[in-house]
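S.K.: If you scroll down you'll find the structure; I have some questions about it.
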Amino acid sequence: MRRFVLPDENAWTLPEAFRARLHPRRGGLPVPDRAVPDDLTGRWHAWTASEEAVKIQHRRSERAARLDPALEALAADYGRAPSADPLAAAAAALTTGSRWGAATDLLADLWVAAGGAEFAARVVGEMAGLIATGALWSVEPGPDAKYERLWRGEDKDVLYTFACAVRIRLAEADDDSYARACDVLAGYRSTPVQRIVTSYLAPTRVDWVDEDCASAEAWAADTSGGEARVWGDHRQLSGILLLSASTVRHLELLHGHIGGSMFPFEMHGEVGTVLDGVGPDAAPVLFSPFYRNMLRLIDSDTTFSLRERVGADGLRLLAAVPTDDAFRLLCREAIGTPRVRVGALLKSKALTRFPVRALRILTELETAAPVLRVEYGREHEANPYESAIYTDLLGAHLLTEPRLLPAVASALPESVRARAQRIVDSGGAGIGTGWLALLDQRYGSCRLDGADEEKRLVGALAALPTEEAFGALVDRLDRKYVRPALLTAAGRDPGLALRVLAAKPGEAAGELLRNHVLAHPGAVADTLPLLDAEARARVEAVAGPAPSAGSTPPPLAVAPRTALPEWLVVPALPAVRLRDGDVLSQDAVRALCGLLAASKIAKAHPAVADVVALCERADLAALAWAVFTQWQAAQYPAKSGLAMVALALFGDDDTVPALTSLFPDWATGSSMRVRTGMDVLAAIGTDTALTHLYRLARKAKTAGFRRFAQERLDDVAAARGLEAAQLADRIVPDLGLDADGGMTLDYGPRRFTARLDERLQPWIADVHGTRLARLPRPAATDDADLAADAARRFAALRKDAKAVASERIRAIEEAMVTGRRWTAAEFHSLFLRHPLMWHLTHRLLWATFDGEDRVVTTFRVAEDRTLADVDDKTTTLDPAATVGLPHPWHLGGDSAVWGQIFADYAIIQPFPQLGRERVTLPDTVAGMPTTSASLFALSARGWQFAPGHQALLRDWPGGLTVEVAFSPGYHWQSTDLPQRLDGLEVRTADGTPAPGGPSALGPIALSEVARDVRWLAG
């Protein structure tokens, strides 16, 4: 049992998420170390010549504004040679800076280097004076004068940016420098803008902050600056007074009188800054509707009606604040709402951090008035289960840590102590009923706030150490997340789980009971005598006879004992036979599972290979699938990769289709599981596994999945010393066809033969070779079982052939146009003798090539699989020959001769080869019309869309890429949008134009590109 120690409930630490981009103050949280670069003047001169500085100057020059000549000259002088003149530095900063500019830190460091922190403070004071008076520039009359308030707002933002940088340097300055800086700032408090800025720079001057917060209401109503300056004066800038606050009174004075324009993004540093200055007592005020909206503590990602509720980061902050008000607000925000977030409350660890406070506040809220909500003009409870949920939280808090109440009882008020004691004395009776009611509300107006909330609430129910809660979850076993939570709870208290399961009728509970009995024999022995006769009989019925002893081979006898996941029931796994006829003992199977748990998909434990050598391979595959199905039944707990590792190391061809059939369901919410599944296919590595992986690389639902599958294929190919296309050649399945490329379908008295046409589509012939329209229905005289099996095999052939056909036909056509070649041995094994590829092979013209890729001989494959030349005479293939598919460009005058031969034999080719056009590229393609549908179709024929979908790309041998640009661009929602070709360019591997332009492609590639362009143009 873990050690029980009561925490200090008054300790306060600002959460890390609210420390980023903090505005530091003296005496507050430590200022992060900051390195000051060398040669600040040189860096400043380099920056003024940078592209960013030029852009800023250009943007300012486009303003219809006239700079004050004297200030313009001062700024220019400072730009050329930084001086100790604060007004010149201020003018330079305002004319060269931007809110997000890189010059801010550089100039601030330059100021400190020139005259210390007090000089930097003086410069910002001068900047504030220029902003307040508008003396830096004036608007020129004209239509653009209407943008004055925008420009004033930009200057105000620049002032704030530099003030932020100088505040950091004041916070890290020594005491004397800081005191001198405050004396300097005291002289810059003559206008509201200057007062706000000085209070921001020196928040320790609480007298200034008191005075300015008290003036906030009047400043908000002060319109003396006019509409033109509304975005650039105190009316907007007053928001940063919030970052100077050091008391709750400051927050109250600012409430409703400052704007949030200074905090346009969700940056929690502002919230952290207030808490750093005021302390945890600020939290309830910051979570008032006014401040939570201004500081982006709301849940902006949810529906409109809930958009002003506290967001997830806000809940985590409240959970860290050590005050009763914060804990009470946390509970109300999580529970007193139509979208209940019990899980978020539990995840925040507030009950663990403040155990005594939780007892007090939850007891109070049990009987408090519920949160009310106005909807459609009527007032009603936001959550009708609110009180019951507080009761459940209180009960869970006490029951899951029984040492809590005795340890804190003396510190509790009498009413709280009595309420807690009643819950403990009752054994938790009724605890969890509010959670269960909420769990069952799936579509009502009040329900859990999403799937993660449901998962955490189920886990909380399973953690209750009561038979009532466990039984209620068993009754909801079909619900998502319940089974894994029950398995965890059963492992924590096997006796309790056995008592509940033994009393529950039904098939689902019976399956859980069986697994539980097998997994926890010790608990069965201890608990069985305590059960009533009916429950005892149910347990004894599922326990069954003791397993046979079996043996433990040496590799498993010495294997390390690795902890197994709680969902794995080893006694329920199938037996594994040894090759000597014996079987593995239960201890050996458990040790084997331990080896799997200690392995990874790509790296098995060294002892696994020894076990594989001793065991029947099929039994290991069955064991792996059984482990996987247990993991699946437990709803795929993510903590253990044991199941996927088992499939990777022991899976076989039967595993592959069963696994890949799950990918579509996983793809919608478990993409990582799909990727792991692809890793498993690559690890299994059989032709069947790689064929499925190849299919995923071409046909997977998303580009990410297709890319990942291709990467796995590339890894396998590299490991075998092959290119991806060569690997694809070697993993073409035979689909159950015989050596002649057919499939016999046996009905008993009758037989039929399935064959494939030129498109690899199956068709049926009877015993006389007559083609039938379809597979005949079984007759009364046929063998029903054989006929049913034949129908299943033919259906599988049709399905698999459809999947393989387009891939292989496209690959072979691609091989012809890109010039892929095979050895004579590869031609025989991959094409001539392959049951499936034979159907394509004899419908194509083949050739042998010399070392310079010139045609030596051409031939076709006859029906008897002999080779015939152009004179239709039998020929043979030299074992040293290089074989490929000739393009019409190779054939010259023989093209017509071969075309006639194929016509005479009525050979239909799977794609245009002999009749393929040799096309010339036009002088220009610019201006040719096309359609979005044609562009999309071409993307499936070897081309791919470029980023931005305004060009198609195709790679060719030799590192060349062809780009066909078009406009206005393809979009999947506008497939009818007309398009226009804008040009064609050939580039080398480094992206530069290829010398010679399109002619660099060579005649075949050039003809193919021209053919596709002509097709695009219709």
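Just so we're on the same page: first chain in the structure tokens is A, next is B, and so on; residues restart at 1 for each chain, and ligands are numbered from 1 in the order they show up.
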Taking 2 positions as the minimum chain separation for residues in the same chain, which residues sit within 9 Å of range 829-835 of chain A when counting only C-alpha atoms? Answer as a ChimeraX atom specification.
M.R.: /A:729-730,732-742,824-827,837-842,861,865
S.K.: Give me a file of those residues, with C-alpha atoms, as a compact mmCIF listing (two decimals), in the first residue's frame.
M.R.:
# COMPACT_ATOMS: atom_id res chain seq x y z
CA ASP A 729 6.53 -7.91 -58.51
CA ARG A 730 7.45 -10.58 -55.98
CA VAL A 732 1.67 -10.76 -56.35
CA PRO A 733 -0.68 -13.42 -54.89
CA ASP A 734 -1.73 -16.47 -56.92
CA LEU A 735 -5.34 -16.10 -55.65
CA GLY A 736 -5.64 -19.87 -55.36
CA LEU A 737 -5.22 -20.44 -59.10
CA ASP A 738 -3.61 -23.64 -60.33
CA ALA A 739 -0.46 -23.82 -62.45
CA ASP A 740 -2.51 -23.33 -65.62
CA GLY A 741 -4.01 -20.12 -64.24
CA GLY A 742 -7.46 -21.57 -63.62
CA ALA A 824 15.39 -14.15 -67.85
CA ALA A 825 15.00 -16.01 -64.56
CA GLU A 826 12.76 -13.23 -63.18
CA PHE A 827 10.68 -13.28 -66.35
CA MET A 837 0.45 -12.87 -64.06
CA TRP A 838 0.39 -15.48 -66.84
CA HIS A 839 -2.96 -14.03 -67.91
CA LEU A 840 -1.30 -10.67 -68.62
CA THR A 841 1.97 -12.11 -69.91
CA HIS A 842 0.56 -13.93 -72.93
CA VAL A 861 4.04 -16.07 -75.27
CA ARG A 865 3.70 -21.02 -72.76
S.K.: Wanna dump the range 555-655 of chain A-range 678-702 of chain A contacts at 10 Å for me, each residue with its shortest atom pair and the distance in Å to one decimal, counting only C-alpha atoms, ordered by chain and number, as a tab-separated table?
M.R.:
residue	atom	partner	partner_atom	distance
A:Ile601	CA	A:Val680	CA	6.8
A:Ala602	CA	A:Ala683	CA	6.9
A:Lys603	CA	A:Ala683	CA	9.8
A:Met644	CA	A:Val680	CA	6.8
A:Val645	CA	A:Val680	CA	7.4
A:Ala646	CA	A:Val680	CA	9.1
A:Leu647	CA	A:Val680	CA	6.6
A:Ala648	CA	A:Val680	CA	4.5
A:Leu649	CA	A:Ile684	CA	6.7
A:Phe650	CA	A:Ile684	CA	7.6
A:Gly651	CA	A:Ile684	CA	6.1
A:Asp652	CA	A:Ile684	CA	6.7
A:Asp653	CA	A:Thr688	CA	6.0
A:Asp654	CA	A:Thr688	CA	9.0
A:Thr655	CA	A:Ala689	CA	8.7
S.K.: Please report, as a PyMOL selection string, each residue of range 797-977 of chain A to which DSSP assigns strand (DSSP E or B) when run on this structure's backbone.
M.R.: chain A and resi 822-823+846-849+855-861+867-868+874-875+882-884+929-931+944-945+951-956+960-967
S.K.: Within 12 Å of Ser974 in chain A, counting only C-alpha atoms, which residues qualify if same-chain residues fewer than 3 places away don't, as a ChimeraX atom specification?
M.R.: /A:931-933,936,968-971,977-979
S.K.: List as a list in words the protein and nucleic acid residues near Asp210 in chain A, meaning an atom at most 10 Å away when only C-alpha atoms are counted, but skip any in the same chain fewer than 2 places from it.
M.R.: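 Listing them by chain and then by number gives Ser199, Arg205, Val206, Asp207, Trp208, Asp212, Cys213, Ala214, Ser215, Ser244, Ala245, Ser246, Thr247, Arg249, His250 and Leu253 of chain A.
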S.K.: With all heavy atoms kept, could you save the residues just selected as a short mmCIF file (atom, residue, chain, number, x, y, z; two decimals), in the first residue's frame?
M.R.:
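Output (selection.cif):
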data_model
loop_
_atom_site.label_atom_id
_atom_site.label_comp_id
_atom_site.auth_asym_id
_atom_site.auth_seq_id
_atom_site.Cartn_x
_atom_site.Cartn_y
_atom_site.Cartn_z
N SER A 199 3.01 53.00 -14.27
CA SER A 199 2.52 52.00 -13.32
C SER A 199 2.83 50.59 -13.81
O SER A 199 3.12 49.70 -13.01
CB SER A 199 1.01 52.15 -13.11
OG SER A 199 0.73 53.28 -12.33
N ARG A 205 5.39 50.37 -7.20
CA ARG A 205 4.89 51.67 -6.74
C ARG A 205 3.38 51.55 -6.59
O ARG A 205 2.59 51.99 -7.44
CB ARG A 205 5.27 52.77 -7.72
CG ARG A 205 6.74 53.13 -7.71
CD ARG A 205 7.17 53.72 -6.35
NE ARG A 205 6.38 54.86 -5.96
CZ ARG A 205 6.73 56.13 -6.15
NH1 ARG A 205 7.89 56.41 -6.74
NH2 ARG A 205 5.96 57.11 -5.75
N VAL A 206 2.98 50.92 -5.48
CA VAL A 206 1.56 50.62 -5.27
C VAL A 206 0.75 51.90 -5.18
O VAL A 206 -0.43 51.93 -5.56
CB VAL A 206 1.39 49.77 -3.99
CG1 VAL A 206 -0.08 49.46 -3.73
CG2 VAL A 206 2.19 48.49 -4.10
N ASP A 207 1.37 53.00 -4.72
CA ASP A 207 0.63 54.27 -4.66
C ASP A 207 0.22 54.71 -6.06
O ASP A 207 -0.89 55.22 -6.26
CB ASP A 207 1.46 55.34 -3.96
CG ASP A 207 2.84 55.51 -4.60
OD1 ASP A 207 3.37 54.53 -5.18
OD2 ASP A 207 3.39 56.64 -4.52
N TRP A 208 1.13 54.53 -7.05
CA TRP A 208 0.76 54.87 -8.43
C TRP A 208 -0.37 53.96 -8.93
O TRP A 208 -1.33 54.43 -9.55
CB TRP A 208 1.96 54.69 -9.36
CG TRP A 208 3.10 55.65 -9.13
CD1 TRP A 208 3.12 56.71 -8.27
CD2 TRP A 208 4.37 55.60 -9.76
NE1 TRP A 208 4.34 57.34 -8.33
CE2 TRP A 208 5.12 56.68 -9.25
CE3 TRP A 208 4.95 54.78 -10.71
CZ2 TRP A 208 6.43 56.94 -9.65
CZ3 TRP A 208 6.25 55.03 -11.13
CH2 TRP A 208 6.99 56.09 -10.60
N ASP A 212 -4.07 55.03 -10.25
CA ASP A 212 -4.47 54.81 -11.63
C ASP A 212 -5.65 53.85 -11.73
O ASP A 212 -6.52 54.03 -12.59
CB ASP A 212 -3.30 54.26 -12.44
CG ASP A 212 -2.17 55.30 -12.55
OD1 ASP A 212 -2.45 56.49 -12.28
OD2 ASP A 212 -1.04 54.91 -12.89
N CYS A 213 -5.71 52.84 -10.86
CA CYS A 213 -6.88 51.94 -10.87
C CYS A 213 -8.14 52.70 -10.47
O CYS A 213 -9.22 52.46 -11.02
CB CYS A 213 -6.65 50.77 -9.92
SG CYS A 213 -5.43 49.58 -10.52
N ALA A 214 -7.99 53.64 -9.54
CA ALA A 214 -9.14 54.45 -9.13
C ALA A 214 -9.60 55.37 -10.26
O ALA A 214 -10.77 55.78 -10.30
CB ALA A 214 -8.78 55.26 -7.89
N SER A 215 -8.69 55.73 -11.16
CA SER A 215 -9.04 56.61 -12.28
C SER A 215 -9.57 55.85 -13.49
O SER A 215 -10.01 56.47 -14.47
CB SER A 215 -7.80 57.40 -12.71
OG SER A 215 -7.29 58.19 -11.66
N SER A 244 -0.29 45.32 -13.39
CA SER A 244 0.38 45.99 -12.28
C SER A 244 -0.33 45.75 -10.95
O SER A 244 0.17 46.17 -9.90
CB SER A 244 0.43 47.51 -12.54
OG SER A 244 1.11 47.78 -13.74
N ALA A 245 -1.49 45.10 -10.99
CA ALA A 245 -2.29 44.91 -9.78
C ALA A 245 -1.53 44.09 -8.75
O ALA A 245 -0.82 43.15 -9.07
CB ALA A 245 -3.60 44.22 -10.14
N SER A 246 -1.71 44.47 -7.47
CA SER A 246 -1.10 43.72 -6.38
C SER A 246 -2.09 43.44 -5.26
O SER A 246 -1.72 42.82 -4.26
CB SER A 246 0.11 44.48 -5.82
OG SER A 246 -0.27 45.78 -5.40
N THR A 247 -3.34 43.90 -5.42
CA THR A 247 -4.37 43.62 -4.42
C THR A 247 -5.68 43.29 -5.14
O THR A 247 -5.89 43.65 -6.30
CB THR A 247 -4.62 44.85 -3.51
OG1 THR A 247 -5.19 45.91 -4.30
CG2 THR A 247 -3.32 45.32 -2.87
N ARG A 249 -8.37 44.62 -4.41
CA ARG A 249 -9.04 45.91 -4.60
C ARG A 249 -8.70 46.50 -5.96
O ARG A 249 -9.57 47.09 -6.63
CB ARG A 249 -8.63 46.88 -3.48
CG ARG A 249 -9.26 48.27 -3.58
CD ARG A 249 -10.76 48.19 -3.59
NE ARG A 249 -11.37 49.52 -3.69
CZ ARG A 249 -12.63 49.73 -4.07
NH1 ARG A 249 -13.42 48.70 -4.38
NH2 ARG A 249 -13.10 50.96 -4.13
N HIS A 250 -7.47 46.34 -6.40
CA HIS A 250 -7.10 46.82 -7.74
C HIS A 250 -7.96 46.15 -8.81
O HIS A 250 -8.45 46.82 -9.73
CB HIS A 250 -5.62 46.52 -8.02
CG HIS A 250 -4.68 47.34 -7.23
ND1 HIS A 250 -3.39 46.92 -6.95
CD2 HIS A 250 -4.81 48.56 -6.62
CE1 HIS A 250 -2.77 47.84 -6.24
NE2 HIS A 250 -3.62 48.84 -6.02
N LEU A 253 -11.45 47.59 -8.79
CA LEU A 253 -11.53 48.94 -9.37
C LEU A 253 -11.47 48.90 -10.90
O LEU A 253 -12.11 49.71 -11.58
CB LEU A 253 -10.38 49.80 -8.84
CG LEU A 253 -10.49 50.24 -7.38
CD1 LEU A 253 -9.18 50.88 -6.93
CD2 LEU A 253 -11.66 51.22 -7.19
#
S.K.: In Å, how far is it from CA of Arg353 in chain A to CA of Glu333 in chain A?
M.R.: 18.2 Å
